[in-house]
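For reference, structure_21.cif is printed below; it contains mmCIF, C-alpha atoms and all ligand atoms.
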```cif
data_data
#
loop_
_atom_site.label_atom_id
_atom_site.label_comp_id
_atom_site.auth_asym_id
_atom_site.auth_seq_id
_atom_site.Cartn_x
_atom_site.Cartn_y
_atom_site.Cartn_z
CA MET A 22 -59.04 -2.84 -8.10
CA ASN A 23 -57.79 -4.63 -5.04
CA THR A 24 -54.25 -4.50 -6.44
CA THR A 25 -53.84 -0.93 -5.27
CA TYR A 26 -54.16 -2.00 -1.66
CA TRP A 27 -51.55 -3.56 0.52
CA SER A 28 -52.07 -7.28 1.05
CA TRP A 29 -50.20 -9.18 3.72
CA ASP A 30 -51.11 -12.43 2.00
CA ARG A 31 -49.29 -11.31 -1.09
CA PHE A 32 -46.44 -10.03 1.01
CA PHE A 33 -45.87 -13.44 2.56
CA GLU A 34 -46.35 -15.14 -0.76
CA ALA A 35 -43.78 -12.93 -2.45
CA LEU A 36 -41.26 -13.08 0.40
CA PRO A 37 -39.91 -16.62 -0.11
CA PHE A 38 -39.99 -16.12 -3.87
CA ILE A 39 -37.75 -13.07 -3.61
CA LEU A 40 -35.53 -14.37 -0.82
CA ASP A 41 -34.54 -17.10 -3.23
CA GLY A 42 -32.40 -14.49 -5.03
CA LEU A 43 -30.76 -13.10 -1.89
CA GLY A 44 -27.99 -15.66 -1.96
CA LEU A 45 -27.12 -14.62 -5.50
CA THR A 46 -27.18 -10.92 -4.60
CA ILE A 47 -24.77 -11.54 -1.74
CA PHE A 48 -22.61 -13.84 -3.84
CA LEU A 49 -22.40 -11.16 -6.56
CA THR A 50 -21.55 -8.44 -4.06
CA ILE A 51 -18.72 -10.46 -2.61
CA SER A 52 -17.39 -11.68 -5.97
CA CYS A 53 -17.49 -8.23 -7.54
CA PHE A 54 -15.77 -6.80 -4.48
CA ILE A 55 -12.99 -9.37 -4.51
CA PHE A 56 -12.54 -8.78 -8.22
CA ALA A 57 -12.36 -5.03 -7.55
CA LEU A 58 -9.89 -5.46 -4.67
CA VAL A 59 -7.53 -7.52 -6.81
CA PHE A 60 -7.86 -5.41 -9.93
CA GLY A 61 -7.53 -2.25 -7.88
CA PHE A 62 -4.00 -3.41 -7.08
CA VAL A 63 -3.33 -4.12 -10.73
CA TRP A 64 -4.33 -0.58 -11.71
CA THR A 65 -2.36 0.95 -8.85
CA PHE A 66 0.83 -0.82 -9.85
CA LEU A 67 0.34 -0.31 -13.58
CA ARG A 68 0.12 3.39 -12.88
CA ARG A 69 3.35 3.35 -10.96
CA ILE A 70 5.37 1.97 -13.87
CA PRO A 71 7.68 4.85 -14.75
CA ASN A 72 6.90 5.20 -18.45
CA ARG A 73 5.07 8.30 -19.63
CA PRO A 74 3.10 6.99 -22.64
CA PHE A 75 2.17 3.79 -20.83
CA ASN A 76 1.05 5.79 -17.80
CA TRP A 77 -1.05 7.97 -20.00
CA ILE A 78 -2.83 5.02 -21.54
CA VAL A 79 -3.51 3.40 -18.17
CA SER A 80 -4.84 6.64 -16.66
CA TRP A 81 -6.99 7.23 -19.71
CA VAL A 82 -8.50 3.73 -19.63
CA MET A 83 -9.21 4.07 -15.91
CA GLU A 84 -10.80 7.46 -16.41
CA PHE A 85 -12.93 6.03 -19.19
CA ILE A 86 -14.16 3.16 -17.03
CA ARG A 87 -14.83 5.46 -14.09
CA THR A 88 -16.74 8.13 -15.98
CA THR A 89 -19.02 5.89 -18.05
CA PRO A 90 -22.14 4.49 -16.39
CA PRO A 91 -21.80 0.94 -15.06
CA LEU A 92 -25.11 0.11 -16.74
CA VAL A 93 -23.65 0.92 -20.14
CA GLN A 94 -20.62 -1.21 -19.32
CA LEU A 95 -22.82 -4.12 -18.30
CA PHE A 96 -24.80 -3.87 -21.53
CA PHE A 97 -21.60 -3.65 -23.51
CA ILE A 98 -20.06 -6.70 -21.89
CA TYR A 99 -23.23 -8.76 -22.11
CA TYR A 100 -24.65 -7.74 -25.50
CA ALA A 101 -21.85 -6.15 -27.51
CA TRP A 102 -18.72 -8.01 -26.42
CA PRO A 103 -19.77 -11.42 -27.86
CA VAL A 104 -20.10 -9.99 -31.39
CA MET A 105 -16.73 -8.23 -31.33
CA PRO A 106 -14.34 -9.67 -33.90
CA LEU A 107 -11.37 -11.67 -32.61
CA VAL A 108 -11.63 -10.85 -28.89
CA GLY A 109 -15.35 -11.41 -28.47
CA THR A 110 -16.51 -14.25 -26.25
CA THR A 111 -19.91 -14.99 -24.84
CA LEU A 112 -20.12 -14.61 -21.09
CA SER A 113 -22.92 -15.88 -18.90
CA PRO A 114 -25.04 -13.21 -17.19
CA VAL A 115 -23.32 -13.85 -13.86
CA GLN A 116 -19.84 -13.69 -15.41
CA SER A 117 -20.74 -10.45 -17.20
CA ALA A 118 -22.07 -9.02 -13.94
CA ILE A 119 -18.88 -9.81 -12.01
CA LEU A 120 -16.65 -8.52 -14.78
CA GLY A 121 -18.72 -5.36 -15.35
CA LEU A 122 -19.30 -4.22 -11.78
CA GLY A 123 -15.96 -5.56 -10.58
CA LEU A 124 -14.03 -3.67 -13.22
CA HIS A 125 -15.97 -0.48 -12.64
CA TYR A 126 -15.38 -0.57 -8.91
CA SER A 127 -11.73 -1.56 -9.28
CA THR A 128 -11.02 1.94 -10.56
CA TYR A 129 -12.45 3.48 -7.38
CA ILE A 130 -10.65 0.97 -5.19
CA SER A 131 -7.39 1.73 -6.97
CA GLU A 132 -7.83 5.37 -6.09
CA ILE A 133 -8.23 4.40 -2.42
CA TYR A 134 -5.09 2.28 -2.52
CA ARG A 135 -3.23 5.16 -4.10
CA SER A 136 -4.26 7.56 -1.34
CA GLY A 137 -3.19 4.99 1.24
CA ILE A 138 0.19 4.52 -0.40
CA GLU A 139 0.74 8.26 -0.68
CA SER A 140 -0.01 8.71 3.00
CA VAL A 141 3.03 6.61 3.95
CA GLU A 142 5.77 9.02 4.94
CA LYS A 143 8.78 9.52 2.70
CA GLY A 144 11.02 8.54 5.61
CA GLN A 145 9.54 5.04 5.60
CA TRP A 146 10.50 4.50 1.96
CA GLU A 147 13.98 5.79 2.71
CA ALA A 148 14.38 3.59 5.77
CA ALA A 149 13.36 0.57 3.68
CA GLN A 150 15.90 1.56 1.05
CA ALA A 151 18.64 2.19 3.62
CA LEU A 152 18.05 -1.34 4.97
CA ASN A 153 18.52 -2.54 1.40
CA LEU A 154 15.16 -4.31 1.16
CA SER A 155 14.28 -5.60 -2.28
CA THR A 156 11.44 -3.88 -4.11
CA LEU A 157 9.09 -6.74 -3.31
CA ASP A 158 9.98 -6.80 0.40
CA LYS A 159 9.74 -3.02 0.59
CA TRP A 160 6.12 -3.24 -0.55
CA ARG A 161 5.24 -6.39 1.37
CA LYS A 162 6.89 -5.56 4.68
CA VAL A 163 6.95 -1.78 4.93
CA ILE A 164 4.66 0.13 2.57
CA LEU A 165 1.47 -1.91 2.18
CA PRO A 166 1.14 -2.87 5.88
CA GLN A 167 1.08 0.87 6.61
CA ALA A 168 -0.88 1.98 3.55
CA ILE A 169 -3.79 -0.45 3.59
CA PRO A 170 -5.14 -0.59 7.20
CA PRO A 171 -6.18 3.10 7.25
CA THR A 172 -8.17 2.58 4.04
CA VAL A 173 -10.26 -0.29 5.44
CA PRO A 174 -13.25 1.91 6.41
CA MET A 175 -13.25 3.49 2.95
CA LEU A 176 -13.10 0.07 1.34
CA GLY A 177 -16.01 -0.97 3.56
CA ASN A 178 -18.05 1.99 2.34
CA TYR A 179 -17.49 0.90 -1.22
CA PHE A 180 -18.59 -2.58 -0.29
CA ILE A 181 -21.97 -1.21 0.81
CA ILE A 182 -22.27 1.02 -2.25
CA LEU A 183 -21.48 -1.95 -4.43
CA PHE A 184 -24.10 -4.05 -2.64
CA LYS A 185 -26.69 -1.41 -3.47
CA GLU A 186 -25.62 -1.37 -7.12
CA VAL A 187 -26.04 -5.10 -7.63
CA PRO A 188 -29.73 -4.73 -8.72
CA LEU A 189 -28.33 -3.16 -11.90
CA VAL A 190 -27.49 -6.63 -13.10
CA SER A 191 -31.17 -7.53 -13.21
CA THR A 192 -31.08 -5.75 -16.58
CA ILE A 193 -28.87 -8.48 -18.00
CA SER A 194 -31.19 -11.19 -16.67
CA VAL A 195 -29.32 -12.17 -13.51
CA ALA A 196 -31.96 -13.57 -11.17
CA GLU A 197 -31.10 -11.52 -8.09
CA ILE A 198 -33.76 -10.10 -5.77
CA LEU A 199 -34.89 -7.15 -7.91
CA LEU A 200 -35.40 -9.31 -10.97
CA LEU A 201 -37.38 -11.81 -8.92
CA ALA A 202 -39.51 -9.01 -7.45
CA ASN A 203 -40.21 -7.73 -10.94
CA THR A 204 -41.07 -11.21 -12.14
CA TYR A 205 -43.45 -11.66 -9.24
CA GLY A 206 -44.97 -8.26 -9.93
CA ALA A 207 -45.51 -8.96 -13.61
CA ARG A 208 -47.07 -12.33 -12.94
CA ASN A 209 -49.51 -11.10 -10.33
CA TRP A 210 -49.99 -7.53 -11.43
CA ALA A 211 -48.82 -6.40 -8.00
CA TYR A 212 -45.58 -4.50 -7.55
CA LEU A 213 -46.16 -2.81 -4.21
CA GLU A 214 -45.41 -5.75 -1.93
CA PRO A 215 -42.48 -7.30 -3.83
CA LEU A 216 -40.68 -4.00 -4.30
CA THR A 217 -41.27 -3.11 -0.65
CA ILE A 218 -39.66 -6.40 0.26
CA VAL A 219 -36.61 -5.55 -1.85
CA GLY A 220 -36.35 -2.20 -0.09
CA ILE A 221 -36.60 -3.80 3.32
CA ILE A 222 -33.96 -6.39 2.49
CA PHE A 223 -31.51 -3.70 1.43
CA LEU A 224 -32.27 -1.61 4.48
CA LEU A 225 -31.85 -4.55 6.84
CA LEU A 226 -28.47 -5.42 5.37
CA SER A 227 -26.99 -2.00 4.57
CA TYR A 228 -27.87 -0.19 7.74
CA PRO A 229 -26.15 -2.49 10.23
CA SER A 230 -23.17 -2.72 7.89
CA SER A 231 -22.79 1.02 7.74
CA ILE A 232 -22.92 1.21 11.54
CA LEU A 233 -20.25 -1.47 11.69
CA ILE A 234 -18.08 0.51 9.32
CA ARG A 235 -18.50 3.70 11.31
CA LYS A 236 -17.31 1.79 14.39
CA LEU A 237 -14.33 0.55 12.44
CA GLU A 238 -13.58 4.08 11.31
CA ASP A 239 -13.65 5.35 14.89
CA ARG A 240 -11.28 2.64 15.96
CA MET A 241 -8.90 3.44 13.13
CA ASN A 242 -9.02 7.14 13.97
CA THR A 243 -8.15 6.66 17.61
CA ARG A 244 -5.36 4.32 16.61
CA PHE A 245 -3.82 6.78 14.20
CA ASP A 246 -4.28 9.72 16.53
CA LYS A 247 -2.29 7.82 19.10
CA ASN A 248 0.48 7.29 16.60
CA ALA A 249 0.51 10.95 15.66
CA LEU A 250 0.71 11.87 19.33
CA ALA A 251 3.68 9.60 19.90
CA LYS A 252 5.46 10.94 16.83
CA SER A 253 5.15 14.57 17.82
CA SER A 254 6.54 13.99 21.31
CA MET B 23 48.67 2.76 6.51
CA THR B 24 45.45 1.03 5.46
CA ALA B 25 43.38 2.28 2.52
CA PRO B 26 40.48 4.56 3.40
CA ILE B 27 37.15 2.76 3.64
CA VAL B 28 35.16 5.77 2.46
CA GLN B 29 36.37 8.35 -0.06
CA TYR B 30 34.57 11.44 -1.36
CA ARG B 31 36.15 12.80 -4.57
CA ASP B 32 35.08 16.31 -5.66
CA VAL B 33 31.51 15.55 -4.69
CA CYS B 34 29.00 18.23 -5.65
CA LYS B 35 25.32 18.22 -4.95
CA SER B 36 22.70 20.72 -6.06
CA PHE B 37 18.98 20.74 -5.50
CA GLY B 38 17.71 22.62 -8.51
CA ASP B 39 19.55 25.93 -8.42
CA VAL B 40 20.68 25.50 -4.85
CA GLU B 41 24.28 24.36 -4.71
CA VAL B 42 24.61 22.58 -1.37
CA LEU B 43 27.91 20.71 -1.64
CA LYS B 44 30.67 22.29 -3.70
CA GLY B 45 33.44 19.74 -4.14
CA ILE B 46 33.72 17.65 -1.00
CA ASN B 47 36.95 15.67 -0.59
CA LEU B 48 37.05 13.37 2.38
CA ASP B 49 38.87 10.18 3.37
CA ILE B 50 37.66 8.05 6.22
CA ASN B 51 39.84 5.20 7.48
CA PRO B 52 38.56 1.97 8.95
CA ALA B 53 37.55 2.35 12.61
CA GLU B 54 37.84 6.09 12.35
CA LYS B 55 35.09 8.22 13.85
CA VAL B 56 34.29 11.44 12.02
CA ALA B 57 32.11 14.29 13.17
CA VAL B 58 30.82 16.77 10.62
CA ILE B 59 30.03 20.09 12.22
CA GLY B 60 28.32 23.07 10.63
CA PRO B 61 25.42 25.46 10.85
CA SER B 62 21.88 24.40 10.08
CA GLY B 63 21.27 23.95 6.37
CA SER B 64 24.96 23.68 5.53
CA GLY B 65 24.65 20.17 4.10
CA LYS B 66 25.63 17.74 6.87
CA THR B 67 22.62 15.53 6.31
CA THR B 68 23.16 15.71 2.57
CA ILE B 69 26.69 14.30 2.98
CA ILE B 70 25.40 11.24 4.81
CA ARG B 71 22.39 10.80 2.52
CA LEU B 72 24.75 10.64 -0.45
CA LEU B 73 26.69 7.90 1.32
CA MET B 74 23.52 5.97 2.07
CA THR B 75 22.63 6.28 -1.65
CA LEU B 76 19.42 8.14 -0.85
CA GLU B 77 20.61 11.05 -3.00
CA GLU B 78 22.67 10.94 -6.16
CA PRO B 79 25.64 13.35 -6.39
CA THR B 80 25.44 15.94 -9.16
CA SER B 81 29.11 15.21 -9.90
CA GLY B 82 32.09 13.50 -8.27
CA ASP B 83 32.59 10.02 -6.90
CA ILE B 84 31.96 8.30 -3.61
CA ILE B 85 34.00 5.16 -3.11
CA VAL B 86 33.28 2.65 -0.36
CA SER B 87 35.67 -0.28 0.15
CA GLY B 88 37.03 0.33 -3.34
CA GLU B 89 33.60 0.28 -5.00
CA ASN B 90 32.18 3.36 -6.69
CA LEU B 91 28.69 3.84 -5.29
CA TRP B 92 27.01 5.61 -8.16
CA LYS B 93 28.97 4.30 -11.11
CA MET B 94 29.58 0.84 -12.44
CA GLU B 95 31.58 -0.65 -15.24
CA LYS B 96 29.76 -1.69 -18.36
CA ASN B 97 31.66 -2.75 -21.51
CA GLY B 98 34.74 -0.88 -20.30
CA ASP B 99 32.87 2.37 -19.61
CA MET B 100 31.81 3.80 -16.30
CA VAL B 101 28.06 4.26 -16.44
CA ARG B 102 25.40 5.30 -13.98
CA ALA B 103 24.77 2.57 -11.41
CA ASN B 104 21.60 0.53 -11.73
CA GLU B 105 19.49 -0.76 -8.87
CA HIS B 106 21.36 -4.06 -8.80
CA HIS B 107 24.71 -2.30 -8.29
CA LEU B 108 23.26 -0.01 -5.64
CA ARG B 109 21.85 -2.93 -3.69
CA LYS B 110 25.23 -4.63 -3.79
CA VAL B 111 27.26 -1.64 -2.53
CA ARG B 112 24.64 -0.59 0.01
CA GLY B 113 24.93 -3.85 1.92
CA ASP B 114 27.56 -2.63 4.38
CA ILE B 115 26.30 0.90 4.88
CA GLY B 116 23.93 1.83 7.66
CA MET B 117 22.36 5.06 8.76
CA VAL B 118 20.35 6.47 11.65
CA PHE B 119 17.83 9.00 10.39
CA GLN B 120 17.31 12.36 12.05
CA HIS B 121 13.80 11.22 13.02
CA PHE B 122 14.84 7.54 13.24
CA ASN B 123 12.12 6.44 10.78
CA LEU B 124 11.41 3.25 12.69
CA PHE B 125 8.62 1.18 11.16
CA PRO B 126 5.55 2.03 13.26
CA HIS B 127 3.62 -1.13 12.40
CA MET B 128 6.31 -3.43 13.78
CA THR B 129 7.69 -4.02 17.25
CA ILE B 130 11.22 -2.80 17.90
CA LEU B 131 12.46 -6.35 17.67
CA GLU B 132 10.79 -6.85 14.29
CA ASN B 133 12.29 -3.56 13.13
CA CYS B 134 15.73 -4.94 13.92
CA MET B 135 15.05 -8.37 12.40
CA THR B 136 13.58 -7.38 9.03
CA ALA B 137 16.76 -6.68 7.10
CA PRO B 138 18.88 -9.63 8.33
CA ILE B 139 16.04 -12.06 7.60
CA HIS B 140 14.81 -10.71 4.29
CA VAL B 141 17.95 -9.19 2.83
CA LYS B 142 20.68 -11.38 4.29
CA LYS B 143 18.46 -14.49 4.49
CA GLU B 144 19.85 -15.30 7.91
CA ASN B 145 18.34 -17.81 10.29
CA LYS B 146 15.45 -16.23 12.12
CA GLU B 147 16.25 -17.58 15.59
CA GLU B 148 19.88 -16.48 15.41
CA VAL B 149 18.85 -13.04 14.26
CA ARG B 150 16.37 -12.78 17.09
CA LYS B 151 18.97 -13.78 19.67
CA ARG B 152 21.48 -11.29 18.33
CA ALA B 153 18.95 -8.46 18.13
CA ILE B 154 17.72 -9.05 21.68
CA GLU B 155 21.26 -9.11 22.97
CA MET B 156 22.13 -5.84 21.25
CA LEU B 157 18.92 -4.11 22.26
CA GLU B 158 19.27 -5.15 25.89
CA LYS B 159 22.82 -3.89 26.01
CA LYS B 160 22.31 -0.62 24.18
CA ALA B 161 18.70 0.37 24.70
CA SER B 162 16.81 -1.38 27.46
CA SER B 163 15.37 -4.82 28.06
CA LEU B 164 11.94 -3.15 28.20
CA VAL B 165 12.27 -2.28 24.54
CA VAL B 166 12.44 -5.92 23.54
CA LYS B 167 9.05 -6.64 25.04
CA SER B 168 7.25 -3.43 23.98
CA SER B 169 4.20 -3.96 21.83
CA VAL B 170 3.61 -2.09 18.58
CA SER B 171 1.33 0.49 20.18
CA ARG B 172 3.57 1.09 23.19
CA TRP B 173 7.09 1.60 21.94
CA GLN B 174 6.31 4.85 20.18
CA GLY B 175 5.99 6.56 23.52
CA LEU B 176 9.61 5.75 24.39
CA LEU B 177 12.11 8.52 24.94
CA SER B 178 13.81 9.67 21.79
CA CYS B 179 17.26 8.64 23.03
CA VAL B 180 15.96 5.10 23.44
CA ARG B 181 14.40 5.15 19.99
CA ARG B 182 17.70 6.37 18.60
CA SER B 183 19.49 3.35 20.08
CA CYS B 184 16.82 1.14 18.55
CA SER B 185 17.32 2.76 15.19
CA LEU B 186 21.09 2.31 15.50
CA THR B 187 20.59 -1.35 16.34
CA ARG B 188 18.36 -1.76 13.31
CA SER B 189 20.93 -0.23 10.99
CA LEU B 190 23.79 -2.35 12.37
CA GLN B 191 21.98 -5.69 12.37
CA PRO B 192 22.36 -6.48 8.66
CA LEU B 193 26.02 -5.41 8.41
CA THR B 194 28.99 -7.77 8.26
CA PRO B 195 29.56 -8.89 11.91
CA SER B 196 33.12 -7.55 12.19
CA LEU B 197 31.95 -4.18 10.92
CA SER B 198 28.94 -3.92 13.18
CA ALA B 199 31.02 -5.05 16.17
CA ARG B 200 33.42 -2.19 15.51
CA CYS B 201 30.61 0.36 15.40
CA TRP B 202 29.31 -1.03 18.62
CA LYS B 203 32.26 -0.17 20.83
N1 LIG A 301 15.46 17.15 -1.20
C1 LIG A 301 15.84 18.45 -1.19
N2 LIG A 301 15.34 19.33 -2.07
C2 LIG A 301 15.72 20.62 -2.06
N3 LIG A 301 16.58 21.14 -1.19
C3 LIG A 301 17.11 20.34 -0.26
C4 LIG A 301 16.76 18.94 -0.21
N4 LIG A 301 17.46 18.38 0.81
C5 LIG A 301 18.18 19.36 1.35
N5 LIG A 301 17.98 20.54 0.72
C6 LIG A 301 18.63 21.82 1.03
O1 LIG A 301 20.01 21.57 1.15
C7 LIG A 301 20.56 22.34 2.19
C8 LIG A 301 21.35 21.46 3.11
O2 LIG A 301 20.46 20.60 3.79
P1 LIG A 301 20.92 19.56 4.89
O3 LIG A 301 19.69 18.89 5.38
O4 LIG A 301 21.98 18.69 4.33
O5 LIG A 301 21.52 20.50 6.02
P2 LIG A 301 22.02 20.10 7.48
O6 LIG A 301 23.42 20.59 7.56
O7 LIG A 301 21.77 18.69 7.76
O8 LIG A 301 21.09 21.01 8.39
P3 LIG A 301 20.53 20.73 9.87
O9 LIG A 301 21.64 21.04 10.80
O10 LIG A 301 19.39 21.68 10.00
O11 LIG A 301 20.09 19.30 9.92
C9 LIG A 301 19.43 23.08 2.86
O12 LIG A 301 19.43 24.41 2.40
C10 LIG A 301 18.19 22.37 2.38
O13 LIG A 301 17.13 23.27 2.22
MG MG A 302 20.50 17.67 9.06
#
```
Go ahead and render the structure in this file as structure tokens.
Ligand SMILES: Nc1ncnc2c1ncn2[C@@H]1O[C@H](COP(=O)(O)OP(=O)(O)OP(=O)(O)O)[C@@H](O)[C@H]1O
Ligand SMILES: [Mg+2]
Amino acid sequence: MNTTYWSWDRFFEALPFILDGLGLTIFLTISCFIFALVFGFVWTFLRRIPNRPFNWIVSWVMEFIRTTPPLVQLFFIYYAWPVMPLVGTTLSPVQSAILGLGLHYSTYISEIYRSGIESVEKGQWEAAQALNLSTLDKWRKVILPQAIPPTVPMLGNYFIILFKEVPLVSTISVAEILLLANTYGARNWAYLEPLTIVGIIFLLLSYPSSILIRKLEDRMNTRFDKNALAKSS
Amino acid sequence: MTAPIVQYRDVCKSFGDVEVLKGINLDINPAEKVAVIGPSGSGKTTIIRLLMTLEEPTSGDIIVSGENLWKMEKNGDMVRANEHHLRKVRGDIGMVFQHFNLFPHMTILENCMTAPIHVKKENKEEVRKRAIEMLEKKASSLVVKSSVSRWQGLLSCVRRSCSLTRSLQPLTPSLSARCWK
């Protein structure tokens, strides 16, 4: 019956066991995020290709990815994809995790990029055209440097949300902190301490990050207010 | 008598149902200065935007240095210009926008250096020297040193000079020198 009570001994026994998976959790967060940042661009530019049917397909695929649960996508990639004819390949749990979560989040990130791009004034596109910049230079030198910085706080928010979603991949046997906590719990018939540890780890990492992002947001706001002020004068 | 450098031939422009330009005919000779005067909404900006290839005429031709801006020859026919043709003919046209449209994330100097470096592939140091010289003469030496966050507070007449400098920088030197007088 002593399992129902909190035990500090168990807490300190479980702690190193679980912390072993923290590196993997962080690695997955960063890898998935990078994947999403890159693929977000791919979606954004695919959607800008001026071809109706193609646009339709791209929007539909994105909508499909965005509106189906990431857990289902992870299961699909890990369990169903390998048995698909022709295209099917077996991916390791970590590869499946990066592909699954990264792809899912890339659709959100793409939406953020799009809002950033749309917030660049029409006059900036015209000025770039009047200076005869090539399409590539127009994007590299004029549009993206103005479109992306204001979206940084939003991207940061998604980074934290993604971090908190990483435990999903414990379901496809990636040994991150939640899976290790569960393993510890099953072995010792004690879930209270290991799961508390997981909660504390997430709190300790997410909370300071969200404060950091709020600071960043404030700084961005003052910067853009200043610009608006100068423009109106 | 030299040939006109810019010719408008029966140029019409409509926005939807709104007919803004109804058959403009206009010759502009080299070194000639032309002022277009008219009430607000009469189409002055539209005339210059057509020349800058920011708008496509509904009908008619605009010819600059003998080249038709919006049409090109393809297998003996005149067809609608593609992006490649537009980039070629646009090279010696410059424009100052009503609101200047300077790039807010760059310094004034970078604004003036972007096109010569990336479009004309000119040497960076030479471009910098030329831009500084022009800015100091026409705007103010302060402008050259202004940081990105500071220059936007400049007076609008100064920003206009900066915008003019930016539009002249990538042009053929003899042409930009003439505009500069
Ligand atoms: N992109 C557009 N779409 C629809 N209508 C337009 C567009 N651009 C201009 N117009 C219309 O064309 C007309 C002429 O506009 P334009 O800007 O050329 O006038 P303007 O002579 O420059 O006026 P102002 O002296 O106020 O600058 C206006 O009635 C305007 O509403
Ligand atoms: Mg006007």
Practice prompt. Residues of chain B no more than 7 Å from chain A, counting only C-alpha atoms: send them over as a list in words.
Written response: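 Contact residues on the first chain: Met74, Leu76, Arg109, Arg112, Gly113, Gly116, Met117, Asn123, Phe125, His127, Ala137, Val141, Gln174, Gly175 and Ser189 of chain B.
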Item to complete: Enter the distance from atom CA of B:Arg31 to atom CA of B:Ser81, in Å, rounded to one decimal.
Response: 9.2 Å
Item to complete: Would you work out the distance separating atom CA of A:Ile98 from atom CA of A:Leu124, expressed in Å to one decimal?
Response: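 Atom-to-atom, atom CA of A:Ile98 and atom CA of A:Leu124 are spaced 11.0 Å apart.
Remark: for A:Asn178, the closest of the candidate residues A:Phe56, A:Phe62, A:Leu237, A:Leu40 is A:Leu237 (distances computed over all atoms listed in the file).
Using only C-alpha atoms, the shortest contact distance between A:Pro215 and any of A:Leu36, A:Trp29, A:Ile181, A:Arg87 is found at A:Leu36.
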Item to complete: Give as an MDAnalysis selection string the set of residues within 12 Å of the point (42.9, 2.9, 13.3), where distances use the file's coordinates and all atoms listed in the file.
Response: chainID B and resid 23:27 50:55 200
Fill in: Test item: residues no farther than 8 Å from ligand LIG 301 (chain A), counting all atoms listed in the file, as a ChimeraX atom specification
/B:36-38,40-42,60-69,120
Discussion item. Residues within 12 Å of A:Ile133, please, as a list in words. Count all atoms listed in the file; anything in the same chain fewer than 6 positions from it doesn't count.
Written reply: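 Near neighbours after the sequence-gap exclusion: Ala57, Leu58, Gly61, Phe62, Trp64, Thr65, Tyr126, Ser127, Glu139, Ser140, Ala168, Ile169, Pro170, Pro171, Thr172, Val173, Pro174, Met175, Leu176, Gly177, Asn178 and Tyr179 of chain A.
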Which residues, written as an mmCIF file with C-alpha atoms, in the coordinates of the input, have at least one atom at most 12 Å from B:Leu91, with all atoms listed in the file counted and residues fewer than 3 positions away on the same chain left out?
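The resulting file, selection.cif, is shown below:
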```
data_model
loop_
_atom_site.group_PDB
_atom_site.id
_atom_site.type_symbol
_atom_site.label_atom_id
_atom_site.label_comp_id
_atom_site.auth_asym_id
_atom_site.auth_seq_id
_atom_site.Cartn_x
_atom_site.Cartn_y
_atom_site.Cartn_z
ATOM 1 C CA VAL B 28 35.160 5.770 2.460
ATOM 2 C CA GLN B 29 36.370 8.350 -0.060
ATOM 3 C CA TYR B 30 34.570 11.440 -1.360
ATOM 4 C CA ARG B 31 36.150 12.800 -4.570
ATOM 5 C CA LEU B 72 24.750 10.640 -0.450
ATOM 6 C CA LEU B 73 26.690 7.900 1.320
ATOM 7 C CA MET B 74 23.520 5.970 2.070
ATOM 8 C CA THR B 75 22.630 6.280 -1.650
ATOM 9 C CA LEU B 76 19.420 8.140 -0.850
ATOM 10 C CA GLU B 77 20.610 11.050 -3.000
ATOM 11 C CA GLU B 78 22.670 10.940 -6.160
ATOM 12 C CA PRO B 79 25.640 13.350 -6.390
ATOM 13 C CA GLY B 82 32.090 13.500 -8.270
ATOM 14 C CA ASP B 83 32.590 10.020 -6.900
ATOM 15 C CA ILE B 84 31.960 8.300 -3.610
ATOM 16 C CA ILE B 85 34.000 5.160 -3.110
ATOM 17 C CA VAL B 86 33.280 2.650 -0.360
ATOM 18 C CA SER B 87 35.670 -0.280 0.150
ATOM 19 C CA GLY B 88 37.030 0.330 -3.340
ATOM 20 C CA MET B 94 29.580 0.840 -12.440
ATOM 21 C CA GLU B 95 31.580 -0.650 -15.240
ATOM 22 C CA MET B 100 31.810 3.800 -16.300
ATOM 23 C CA VAL B 101 28.060 4.260 -16.440
ATOM 24 C CA ARG B 102 25.400 5.300 -13.980
ATOM 25 C CA ALA B 103 24.770 2.570 -11.410
ATOM 26 C CA ASN B 104 21.600 0.530 -11.730
ATOM 27 C CA GLU B 105 19.490 -0.760 -8.870
ATOM 28 C CA HIS B 106 21.360 -4.060 -8.800
ATOM 29 C CA HIS B 107 24.710 -2.300 -8.290
ATOM 30 C CA LEU B 108 23.260 -0.010 -5.640
ATOM 31 C CA ARG B 109 21.850 -2.930 -3.690
ATOM 32 C CA LYS B 110 25.230 -4.630 -3.790
ATOM 33 C CA VAL B 111 27.260 -1.640 -2.530
ATOM 34 C CA ARG B 112 24.640 -0.590 0.010
ATOM 35 C CA GLY B 113 24.930 -3.850 1.920
ATOM 36 C CA ASP B 114 27.560 -2.630 4.380
ATOM 37 C CA ILE B 115 26.300 0.900 4.880
#
```
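With all atoms listed in the file as the atoms that count, the residue of B:Gln191, B:Ser178, B:Ser168, B:Lys96 with the shortest distance to B:Glu155 is B:Gln191.
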Worksheet item: Near B:Val166, counting all atoms listed in the file, which residues have an atom at most 7 Å away, once you skip same-chain residues fewer than 4 positions from it, shown as a list in words?
Response: Ile130, Leu131, Ile154 and Leu157 of chain B
Item to complete: For atom CA of A:Thr89 and atom CA of A:Ser136, quote the distance in Å rounded to one decimal.
Response: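 Pair atom CA of A:Thr89 / atom CA of A:Ser136 returns 22.4 Å.
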Step by step, gather every atom of stretch 70-87 of chain A that the file lists, find the box along x, y and z that holds them, add 4 Å on each side, and finally give centre and edge lengths in Å to one decimal, as lines of an AutoDock Vina configuration file.
```
center_x = -3.6
center_y = 5.1
center_z = -18.3
size_x = 30.5
size_y = 14.3
size_z = 16.8
```
